[in-house]
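Source file: my_file.pdb; contents: PDB, C-alpha atoms.
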ATOM      1  CA  MET A1240     182.392  54.828  84.268
ATOM      2  CA  ASN A1241     184.193  57.893  85.595
ATOM      3  CA  MET A1242     187.120  57.777  88.004
ATOM      4  CA  ARG A1243     184.973  58.727  91.002
ATOM      5  CA  HIS A1244     182.589  55.829  90.457
ATOM      6  CA  LEU A1245     185.508  53.461  89.914
ATOM      7  CA  LEU A1246     187.182  54.475  93.186
ATOM      8  CA  CYS A1247     183.926  54.150  95.116
ATOM      9  CA  GLY A1248     183.385  50.684  93.670
ATOM     10  CA  LEU A1249     186.883  49.590  94.669
ATOM     11  CA  LEU A1250     186.451  50.942  98.182
ATOM     12  CA  LEU A1251     183.135  49.157  98.624
ATOM     13  CA  ALA A1252     184.613  45.910  97.359
ATOM     14  CA  ALA A1253     187.526  46.193  99.766
ATOM     15  CA  ALA A1254     185.251  46.986 102.684
ATOM     16  CA  ALA A1255     182.786  44.162 102.015
ATOM     17  CA  PRO A1256     184.845  41.336 103.575
ATOM     18  CA  CYS A1257     185.378  43.394 106.716
ATOM     19  CA  ALA A1258     181.708  44.345 106.924
ATOM     20  CA  SER A1259     180.618  40.700 106.719
ATOM     21  CA  ALA A1260     183.270  39.351 109.083
ATOM     22  CA  ASN A1261     182.020  37.968 112.379
ATOM     23  CA  THR A1262     184.857  37.532 114.856
ATOM     24  CA  GLY A1263     184.709  35.197 117.820
ATOM     25  CA  VAL A1264     187.126  34.084 120.502
ATOM     26  CA  ALA A1265     187.570  30.665 122.081
ATOM     27  CA  PHE A1266     189.273  30.121 125.435
ATOM     28  CA  VAL A1267     190.955  26.699 125.467
ATOM     29  CA  HIS A1268     192.165  25.511 128.877
ATOM     30  CA  GLY A1269     195.245  23.438 129.669
ATOM     31  CA  THR A1270     195.807  20.120 131.428
ATOM     32  CA  GLY A1271     192.843  18.951 133.465
ATOM     33  CA  SER A1272     189.252  17.864 133.117
ATOM     34  CA  GLN A1273     187.104  20.983 133.136
ATOM     35  CA  THR A1274     183.362  21.359 133.602
ATOM     36  CA  ASN A1275     183.350  25.098 134.375
ATOM     37  CA  ALA A1276     186.586  26.549 133.036
ATOM     38  CA  TYR A1277     185.026  30.019 133.001
ATOM     39  CA  GLN A1278     184.910  30.055 136.795
ATOM     40  CA  ASP A1279     187.660  27.637 137.734
ATOM     41  CA  TYR A1280     190.421  27.856 135.142
ATOM     42  CA  TRP A1281     190.339  31.317 133.574
ATOM     43  CA  GLN A1282     188.049  33.076 136.066
ATOM     44  CA  PRO A1283     185.471  35.713 135.047
ATOM     45  CA  ALA A1284     187.825  38.681 135.397
ATOM     46  CA  MET A1285     189.976  37.319 132.578
ATOM     47  CA  VAL A1286     187.272  36.128 130.200
ATOM     48  CA  ASP A1287     184.944  39.085 130.648
ATOM     49  CA  SER A1288     187.739  41.593 130.185
ATOM     50  CA  VAL A1289     189.150  39.997 127.044
ATOM     51  CA  ARG A1290     185.833  39.558 125.233
ATOM     52  CA  GLN A1291     185.167  43.300 125.448
ATOM     53  CA  GLY A1292     187.493  43.574 122.464
ATOM     54  CA  LEU A1293     184.879  41.906 120.245
ATOM     55  CA  ALA A1294     182.377  43.892 118.172
ATOM     56  CA  ASN A1295     179.809  41.419 119.564
ATOM     57  CA  THR A1296     180.870  40.615 123.128
ATOM     58  CA  GLY A1297     178.661  37.522 123.100
ATOM     59  CA  ASN A1298     180.796  35.856 120.432
ATOM     60  CA  TYR A1299     182.901  33.819 122.830
ATOM     61  CA  VAL A1300     183.099  30.250 124.056
ATOM     62  CA  VAL A1301     184.924  28.795 127.036
ATOM     63  CA  ILE A1302     185.889  25.208 126.281
ATOM     64  CA  ASN A1303     185.264  22.457 128.832
ATOM     65  CA  CYS A1304     186.947  19.184 127.880
ATOM     66  CA  ASP A1305     188.940  16.357 129.411
ATOM     67  CA  PHE A1306     192.520  17.373 128.755
ATOM     68  CA  THR A1307     193.882  14.716 131.086
ATOM     69  CA  GLN A1308     193.846  12.551 127.944
ATOM     70  CA  TYR A1309     196.324  12.348 125.089
ATOM     71  CA  MET A1310     195.892  15.301 122.755
ATOM     72  CA  TRP A1311     194.323  13.218 119.934
ATOM     73  CA  ASP A1312     191.829  11.450 122.204
ATOM     74  CA  SER A1313     188.116  11.915 121.462
ATOM     75  CA  ARG A1314     187.711  13.356 124.959
ATOM     76  CA  ALA A1315     190.410  15.952 124.235
ATOM     77  CA  ALA A1316     190.753  17.004 120.571
ATOM     78  CA  GLY A1317     187.428  15.389 119.703
ATOM     79  CA  CYS A1318     185.658  17.303 122.446
ATOM     80  CA  LEU A1319     187.405  20.516 121.412
ATOM     81  CA  ALA A1320     186.400  19.998 117.781
ATOM     82  CA  GLY A1321     182.794  19.453 118.785
ATOM     83  CA  GLN A1322     182.550  22.559 120.938
ATOM     84  CA  LEU A1323     184.366  24.765 118.415
ATOM     85  CA  SER A1324     182.181  23.461 115.581
ATOM     86  CA  ASN A1325     179.018  24.180 117.542
ATOM     87  CA  PHE A1326     180.267  27.661 118.413
ATOM     88  CA  ILE A1327     181.179  28.499 114.809
ATOM     89  CA  SER A1328     177.848  27.223 113.531
ATOM     90  CA  SER A1329     175.571  28.717 116.185
ATOM     91  CA  LYS A1330     177.196  32.163 116.105
ATOM     92  CA  GLY A1331     178.013  32.292 112.396
ATOM     93  CA  ILE A1332     181.699  32.857 113.163
ATOM     94  CA  THR A1333     183.852  33.690 110.134
ATOM     95  CA  ARG A1334     187.004  34.741 112.045
ATOM     96  CA  LEU A1335     188.078  32.721 115.069
ATOM     97  CA  ILE A1336     190.827  33.766 117.457
ATOM     98  CA  VAL A1337     191.878  31.011 119.843
ATOM     99  CA  ILE A1338     193.373  31.855 123.219
ATOM    100  CA  THR A1339     194.868  28.792 124.818
ATOM    101  CA  HIS A1340     197.060  27.984 127.783
ATOM    102  CA  SER A1341     199.725  25.389 128.508
ATOM    103  CA  ASN A1342     198.820  21.900 127.204
ATOM    104  CA  GLY A1343     195.810  23.361 125.399
ATOM    105  CA  GLY A1344     198.332  24.588 122.843
ATOM    106  CA  ASN A1345     199.287  20.985 122.091
ATOM    107  CA  VAL A1346     195.665  19.984 121.549
ATOM    108  CA  ILE A1347     194.958  22.821 119.113
ATOM    109  CA  ARG A1348     198.306  22.172 117.414
ATOM    110  CA  TRP A1349     197.343  18.525 116.949
ATOM    111  CA  MET A1350     194.169  19.679 115.232
ATOM    112  CA  MET A1351     195.979  22.084 112.907
ATOM    113  CA  SER A1352     198.713  19.526 112.126
ATOM    114  CA  ASN A1353     196.361  16.639 111.309
ATOM    115  CA  PRO A1354     193.437  18.087 109.332
ATOM    116  CA  THR A1355     192.361  14.709 107.923
ATOM    117  CA  TYR A1356     192.144  13.021 111.326
ATOM    118  CA  ASP A1357     188.630  14.347 111.974
ATOM    119  CA  SER A1358     186.121  15.603 109.422
ATOM    120  CA  ARG A1359     185.405  18.639 111.596
ATOM    121  CA  TYR A1360     188.981  19.901 111.618
ATOM    122  CA  PRO A1361     189.171  21.544 108.152
ATOM    123  CA  ASN A1362     186.238  23.882 108.742
ATOM    124  CA  ILE A1363     187.596  24.922 112.135
ATOM    125  CA  ILE A1364     191.073  25.533 110.720
ATOM    126  CA  SER A1365     189.617  27.612 107.875
ATOM    127  CA  LYS A1366     187.978  29.933 110.411
ATOM    128  CA  ILE A1367     191.025  30.344 112.676
ATOM    129  CA  VAL A1368     192.804  33.663 112.228
ATOM    130  CA  ARG A1369     195.493  32.966 114.821
ATOM    131  CA  VAL A1370     196.192  31.131 118.038
ATOM    132  CA  ASN A1371     197.473  33.163 120.973
ATOM    133  CA  ALA A1372     199.174  30.490 123.049
ATOM    134  CA  LEU A1373     199.831  31.527 126.631
ATOM    135  CA  ALA A1374     202.779  29.589 128.052
ATOM    136  CA  PRO A1375     202.307  26.609 125.714
ATOM    137  CA  SER A1376     204.057  23.372 126.674
ATOM    138  CA  SER A1377     205.232  22.839 123.096
ATOM    139  CA  ALA A1378     208.413  20.969 124.040
ATOM    140  CA  GLY A1379     207.162  19.458 127.293
ATOM    141  CA  THR A1380     208.572  19.956 130.775
ATOM    142  CA  PRO A1381     211.045  18.116 133.013
ATOM    143  CA  LEU A1382     208.416  18.313 135.745
ATOM    144  CA  ALA A1383     206.213  15.905 133.791
ATOM    145  CA  ASP A1384     209.114  13.444 133.712
ATOM    146  CA  ALA A1385     209.482  13.884 137.459
ATOM    147  CA  VAL A1386     205.818  13.185 138.133
ATOM    148  CA  ILE A1387     205.724  10.099 135.903
ATOM    149  CA  ASN A1388     208.892   8.764 137.500
ATOM    150  CA  GLY A1389     207.166   8.963 140.853
ATOM    151  CA  ASN A1390     209.480  11.158 142.883
ATOM    152  CA  VAL A1391     208.579  13.975 145.251
ATOM    153  CA  PHE A1392     206.848  15.979 142.518
ATOM    154  CA  GLU A1393     204.020  13.462 142.418
ATOM    155  CA  THR A1394     202.640  14.817 145.671
ATOM    156  CA  SER A1395     203.939  18.377 145.611
ATOM    157  CA  LEU A1396     202.677  19.145 142.098
ATOM    158  CA  GLY A1397     199.466  17.160 142.008
ATOM    159  CA  TRP A1398     197.388  20.349 141.947
ATOM    160  CA  LEU A1399     199.254  21.542 138.855
ATOM    161  CA  LEU A1400     199.891  18.437 136.815
ATOM    162  CA  GLY A1401     196.895  16.257 137.584
ATOM    163  CA  TYR A1402     199.038  13.367 138.779
ATOM    164  CA  LYS A1403     199.924  10.580 136.342
ATOM    165  CA  SER A1404     197.413  11.330 133.613
ATOM    166  CA  ASP A1405     198.047  10.598 129.946
ATOM    167  CA  ALA A1406     198.309  14.331 129.317
ATOM    168  CA  VAL A1407     201.148  14.599 131.826
ATOM    169  CA  ARG A1408     202.806  11.519 130.343
ATOM    170  CA  GLN A1409     202.515  13.164 126.922
ATOM    171  CA  GLN A1410     204.296  16.289 128.184
ATOM    172  CA  GLN A1411     207.493  14.467 129.117
ATOM    173  CA  VAL A1412     210.367  16.104 127.242
ATOM    174  CA  SER A1413     211.349  13.077 125.163
ATOM    175  CA  TRP A1414     207.728  12.279 124.326
ATOM    176  CA  MET A1415     207.027  15.789 123.075
ATOM    177  CA  ALA A1416     210.226  15.664 121.023
ATOM    178  CA  TYR A1417     208.872  12.525 119.338
ATOM    179  CA  TYR A1418     205.432  14.034 118.703
ATOM    180  CA  ASN A1419     206.974  17.237 117.371
ATOM    181  CA  ALA A1420     209.209  15.278 114.996
ATOM    182  CA  ASN A1421     206.461  13.001 113.691
ATOM    183  CA  TYR A1422     202.940  14.295 114.261
ATOM    184  CA  LEU A1423     202.963  18.008 115.024
ATOM    185  CA  TYR A1424     203.804  21.018 112.878
ATOM    186  CA  GLY A1425     205.340  24.320 113.860
ATOM    187  CA  THR A1426     208.635  23.365 115.512
ATOM    188  CA  SER A1427     212.130  23.689 114.053
ATOM    189  CA  GLY A1428     212.645  21.560 110.947
ATOM    190  CA  ARG A1429     208.941  20.752 110.613
ATOM    191  CA  PRO A1430     206.299  22.177 108.256
ATOM    192  CA  ALA A1431     204.705  25.415 109.342
ATOM    193  CA  LEU A1432     201.284  25.377 110.936
ATOM    194  CA  PRO A1433     198.452  26.451 108.607
ATOM    195  CA  LYS A1434     197.586  29.428 110.816
ATOM    196  CA  PRO A1435     199.769  31.639 113.064
ATOM    197  CA  PHE A1436     200.585  30.167 116.461
ATOM    198  CA  ARG A1437     201.998  32.926 118.677
ATOM    199  CA  SER A1438     203.318  32.260 122.153
ATOM    200  CA  VAL A1439     203.372  34.506 125.184
ATOM    201  CA  VAL A1440     206.379  33.413 127.229
ATOM    202  CA  GLY A1441     206.491  33.554 131.017
ATOM    203  CA  THR A1442     210.067  34.108 132.168
ATOM    204  CA  ASP A1443     210.053  34.129 135.972
ATOM    205  CA  VAL A1444     208.043  33.716 139.192
ATOM    206  CA  ASP A1445     207.601  36.206 142.032
ATOM    207  CA  SER A1446     206.284  34.949 145.363
ATOM    208  CA  SER A1447     207.390  37.377 148.047
ATOM    209  CA  PRO A1448     204.710  37.816 150.733
ATOM    210  CA  PHE A1449     205.652  41.512 150.835
ATOM    211  CA  ASP A1450     204.985  42.027 147.112
ATOM    212  CA  GLY A1451     201.340  42.499 146.223
ATOM    213  CA  ASP A1452     202.010  41.315 142.681
ATOM    214  CA  SER A1453     202.797  37.864 144.045
ATOM    215  CA  TYR A1454     199.147  37.410 144.994
ATOM    216  CA  CYS A1455     197.734  37.810 141.478
ATOM    217  CA  GLY A1456     196.504  34.417 140.332
ATOM    218  CA  GLY A1457     196.920  32.892 143.784
ATOM    219  CA  TYR A1458     199.787  33.329 146.216
ATOM    220  CA  THR A1459     200.004  29.667 147.223
ATOM    221  CA  GLU A1460     200.257  28.576 143.602
ATOM    222  CA  ASN A1461     203.028  31.098 142.949
ATOM    223  CA  VAL A1462     204.984  29.857 145.954
ATOM    224  CA  GLY A1463     204.764  26.329 144.586
ATOM    225  CA  LEU A1464     205.880  27.459 141.146
ATOM    226  CA  GLU A1465     208.857  29.328 142.548
ATOM    227  CA  THR A1466     209.876  26.128 144.357
ATOM    228  CA  THR A1467     209.707  24.015 141.207
ATOM    229  CA  GLN A1468     211.604  26.670 139.319
ATOM    230  CA  ASN A1469     214.702  25.352 141.086
ATOM    231  CA  TRP A1470     214.507  22.279 138.821
ATOM    232  CA  LEU A1471     214.078  24.310 135.644
ATOM    233  CA  ASP A1472     216.156  26.742 133.608
ATOM    234  CA  SER A1473     216.781  30.241 134.908
ATOM    235  CA  CYS A1474     214.240  31.412 132.326
ATOM    236  CA  SER A1475     211.007  29.642 133.226
ATOM    237  CA  ASP A1476     207.519  30.295 134.574
ATOM    238  CA  GLY A1477     207.792  27.681 137.314
ATOM    239  CA  PHE A1478     206.317  24.917 135.157
ATOM    240  CA  LEU A1479     207.831  25.377 131.703
ATOM    241  CA  ASN A1480     211.224  26.463 130.489
ATOM    242  CA  CYS A1481     211.118  29.450 128.154
ATOM    243  CA  SER A1482     212.590  27.205 125.453
ATOM    244  CA  SER A1483     209.529  24.934 125.616
ATOM    245  CA  GLN A1484     207.116  27.851 125.478
ATOM    246  CA  SER A1485     208.976  29.193 122.432
ATOM    247  CA  ALA A1486     209.401  25.898 120.570
ATOM    248  CA  ALA A1487     206.380  26.085 118.242
ATOM    249  CA  GLY A1488     205.236  28.837 115.923
ATOM    250  CA  SER A1489     206.589  32.255 116.809
ATOM    251  CA  VAL A1490     207.087  34.226 119.996
ATOM    252  CA  TRP A1491     204.564  37.044 120.249
ATOM    253  CA  PHE A1492     206.274  38.509 123.305
ATOM    254  CA  GLN A1493     208.027  37.648 126.545
ATOM    255  CA  ASP A1494     206.074  38.782 129.588
ATOM    256  CA  LYS A1495     208.251  41.603 130.925
ATOM    257  CA  SER A1496     208.428  43.340 127.554
ATOM    258  CA  ARG A1497     204.719  44.204 127.649
ATOM    259  CA  THR A1498     203.208  43.623 131.091
ATOM    260  CA  ALA A1499     202.430  46.450 133.511
ATOM    261  CA  GLY A1500     205.465  47.200 135.631
ATOM    262  CA  ALA A1501     207.476  44.722 133.549
ATOM    263  CA  GLU A1502     206.172  41.991 135.843
ATOM    264  CA  PRO A1503     206.847  38.336 135.051
ATOM    265  CA  LEU A1504     203.981  35.927 134.472
ATOM    266  CA  SER A1505     204.134  32.682 136.399
ATOM    267  CA  HIS A1506     202.471  29.679 134.800
ATOM    268  CA  ASN A1507     199.398  30.339 136.888
ATOM    269  CA  GLN A1508     199.304  34.066 136.192
ATOM    270  CA  SER A1509     199.437  33.602 132.416
ATOM    271  CA  ARG A1510     195.805  32.397 132.478
ATOM    272  CA  ARG A1511     194.561  35.208 134.675
ATOM    273  CA  ALA A1512     193.952  38.960 134.437
ATOM    274  CA  CYS A1513     197.389  39.827 135.801
ATOM    275  CA  PHE A1514     199.538  42.837 134.906
ATOM    276  CA  THR A1515     197.355  43.941 131.937
ATOM    277  CA  LEU A1516     197.653  40.594 130.114
ATOM    278  CA  ASP A1517     193.879  40.690 129.694
ATOM    279  CA  THR A1518     194.109  44.156 128.123
ATOM    280  CA  ILE A1519     196.762  43.007 125.660
ATOM    281  CA  LEU A1520     194.584  40.069 124.619
ATOM    282  CA  ARG A1521     191.482  42.281 124.454
ATOM    283  CA  ASN A1522     193.154  44.784 122.143
ATOM    284  CA  ASP A1523     194.391  41.968 119.925
ATOM    285  CA  LEU A1524     190.795  40.916 119.199
ATOM    286  CA  LYS A1525     190.262  44.238 117.473
ATOM    287  CA  LEU A1526     192.950  43.537 114.858
TER     288      LEU A1526
END
Using structure tokens, write down the structure that the file contains.
Amino acid sequence: MNMRHLLCGLLLAAAAPCASANTGVAFVHGTGSQTNAYQDYWQPAMVDSVRQGLANTGNYVVINCDFTQYMWDSRAAGCLAGQLSNFISSKGITRLIVITHSNGGNVIRWMMSNPTYDSRYPNIISKIVRVNALAPSSAGTPLADAVINGNVFETSLGWLLGYKSDAVRQQQVSWMAYYNANYLYGTSGRPALPKPFRSVVGTDVDSSPFDGDSYCGGYTENVGLETTQNWLDSCSDGFLNCSSQSAAGSVWFQDKSRTAGAEPLSHNQSRRACFTLDTILRNDLKL
């Protein structure tokens, strides 16, 4: 065999895995029981923009599960495993990129940390390339403690936290510290997750009625998040402290470092097509 034939053979061998790869993306919502997360949680502008980064734009799934439950519950992680398994099988997915938001990061982290808990987990984990976690509640939030303790947040944040659900109870700071120390991977001092878990961190909230950017994702929601920010650290997205969002895996980027106009992403905006976040996620699918 001459050198030319050898080089051609090596190039073809290297290209074969790429040629046979079939990439898909899964959108995994946060706290709440969803039946149409495409319309209600993410909204079409976000989903339809991001999936344009796929070679086959039909290789996407929007998860609809009951994430008012504890992360390991059959209605939460079990439902997620079922829908991801069906998606992988029906579309022949060999590379899966997961985009998740808020408490959805805890559910997918449970799956990756406990592969023997459900027979479907190993195949899903083997297909995952990375998880892009938008404002994940990896270390919980003081607002969950406030809701469970029954103070004013119970009524003022019902739209955001889903009242006293098990998922909100789970996201109390001390509870998440316990889960992170005993059942979940990816936080300091714990084993690494089997696949990359990269967080996008929201650092602030804008809600001025005179600033058009405050209306992206819903002005009323941003006003509420700026109010609750008074009970959080100076670096927060109105629901989660930056330290919680950064607690698991690695930080991909903080909002202002990459968003259009260096705009912050409130907790509501980090699941919407705000300030080119959708473009960043779309371009990432091509990698």
Handout entry: Selection result of the PyMOL selection byres ((chain A and resi 1363) around 10) on this file, as a count of residues only
Key = 21
Completion exercise
Pairwise distance, CA of Ser1328 in chain A with CA of Thr1355 in chain A, equals 20.0 Å
Exercise for the section: Have a look at CA of Phe1514 in chain A and CA of Val1462 in chain A and let me know their distance in Å, one decimal. Expected result: 17.9 Å
Practice task
Could you check how far CA of Phe1266 in chain A sits from CA of Thr1498 in chain A, in Å to one decimal?
Solution key: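 Separating CA of Phe1266 in chain A from CA of Thr1498 in chain A is a distance of 20.2 Å.
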List every residue of range 1283-1348 of chain A that has an atom at most 7 Å from any atom of range 1374-1386 of chain A, and for each one report the closest atom pair and its distance in Å to one decimal, counting only C-alpha atoms, with rows sorted by chain and then by increasing residue number, as a Markdown table.
| residue | atom | partner | partner_atom | distance |
| --- | --- | --- | --- | --- |
| A:His1340 | CA | A:Pro1375 | CA | 5.8 |
| A:Ser1341 | CA | A:Pro1375 | CA | 4.0 |
| A:Asn1342 | CA | A:Ser1376 | CA | 5.5 |
| A:Gly1344 | CA | A:Pro1375 | CA | 5.3 |
| A:Asn1345 | CA | A:Ser1377 | CA | 6.3 |
Given the file shown, determine the residues that the PyMOL selection byres ((chain A and resi 1415) around 12) selects; report them as a PDB file with C-alpha atoms, in the coordinates of the input.
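Saved to part-v7.pdb:
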ATOM      1  CA  TYR A1309     196.324  12.348 125.089  1.00  0.00           C
ATOM      2  CA  MET A1310     195.892  15.301 122.755  1.00  0.00           C
ATOM      3  CA  ASN A1342     198.820  21.900 127.204  1.00  0.00           C
ATOM      4  CA  ASN A1345     199.287  20.985 122.091  1.00  0.00           C
ATOM      5  CA  TRP A1349     197.343  18.525 116.949  1.00  0.00           C
ATOM      6  CA  SER A1376     204.057  23.372 126.674  1.00  0.00           C
ATOM      7  CA  SER A1377     205.232  22.839 123.096  1.00  0.00           C
ATOM      8  CA  ALA A1378     208.413  20.969 124.040  1.00  0.00           C
ATOM      9  CA  GLY A1379     207.162  19.458 127.293  1.00  0.00           C
ATOM     10  CA  THR A1380     208.572  19.956 130.775  1.00  0.00           C
ATOM     11  CA  PRO A1381     211.045  18.116 133.013  1.00  0.00           C
ATOM     12  CA  ALA A1383     206.213  15.905 133.791  1.00  0.00           C
ATOM     13  CA  ASP A1384     209.114  13.444 133.712  1.00  0.00           C
ATOM     14  CA  ALA A1406     198.309  14.331 129.317  1.00  0.00           C
ATOM     15  CA  VAL A1407     201.148  14.599 131.826  1.00  0.00           C
ATOM     16  CA  ARG A1408     202.806  11.519 130.343  1.00  0.00           C
ATOM     17  CA  GLN A1409     202.515  13.164 126.922  1.00  0.00           C
ATOM     18  CA  GLN A1410     204.296  16.289 128.184  1.00  0.00           C
ATOM     19  CA  GLN A1411     207.493  14.467 129.117  1.00  0.00           C
ATOM     20  CA  VAL A1412     210.367  16.104 127.242  1.00  0.00           C
ATOM     21  CA  SER A1413     211.349  13.077 125.163  1.00  0.00           C
ATOM     22  CA  TRP A1414     207.728  12.279 124.326  1.00  0.00           C
ATOM     23  CA  ALA A1416     210.226  15.664 121.023  1.00  0.00           C
ATOM     24  CA  TYR A1417     208.872  12.525 119.338  1.00  0.00           C
ATOM     25  CA  TYR A1418     205.432  14.034 118.703  1.00  0.00           C
ATOM     26  CA  ASN A1419     206.974  17.237 117.371  1.00  0.00           C
ATOM     27  CA  ALA A1420     209.209  15.278 114.996  1.00  0.00           C
ATOM     28  CA  ASN A1421     206.461  13.001 113.691  1.00  0.00           C
ATOM     29  CA  TYR A1422     202.940  14.295 114.261  1.00  0.00           C
ATOM     30  CA  LEU A1423     202.963  18.008 115.024  1.00  0.00           C
ATOM     31  CA  TYR A1424     203.804  21.018 112.878  1.00  0.00           C
ATOM     32  CA  THR A1426     208.635  23.365 115.512  1.00  0.00           C
ATOM     33  CA  SER A1483     209.529  24.934 125.616  1.00  0.00           C
ATOM     34  CA  ALA A1486     209.401  25.898 120.570  1.00  0.00           C
ATOM     35  CA  ALA A1487     206.380  26.085 118.242  1.00  0.00           C
TER      36      ALA A1487
END
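Distances to Trp1491 in chain A were evaluated for A:Asp1472, A:Asp1523, A:Glu1465, A:Asp1517 using all atoms listed in the file, and the minimum falls at A:Asp1523.
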Handout entry: Closest of A:Thr1442, A:Asn1275, A:Ser1489, A:Ser1505 to Gly1463 in chain A - atom-to-atom distances counting only C-alpha atoms
Key = A:Ser1505
Problem - Distance criterion (all atoms listed in the file): nearest to Tyr1299 in chain A out of A:Cys1455, A:Ile1336, A:Ala1431, A:Ala1284 - result: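 The closest residue to Tyr1299 in chain A is A:Ile1336.
If all atoms listed in the file are the atoms counted, then among A:Gly1477, A:Gly1343, A:Gly1488, A:Gly1457 the closest residue to Ser1427 in chain A is A:Gly1488.
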Practice task
Please return, as a PyMOL selection string, all polymer residues that have at least one atom within 10 Å of the point (213.0, 32.8, 132.5); use all atoms listed in the file and the file's own coordinate frame.
Solution key: chain A and resi 1440-1444+1468+1471-1477+1479-1482+1493-1494+1503-1505
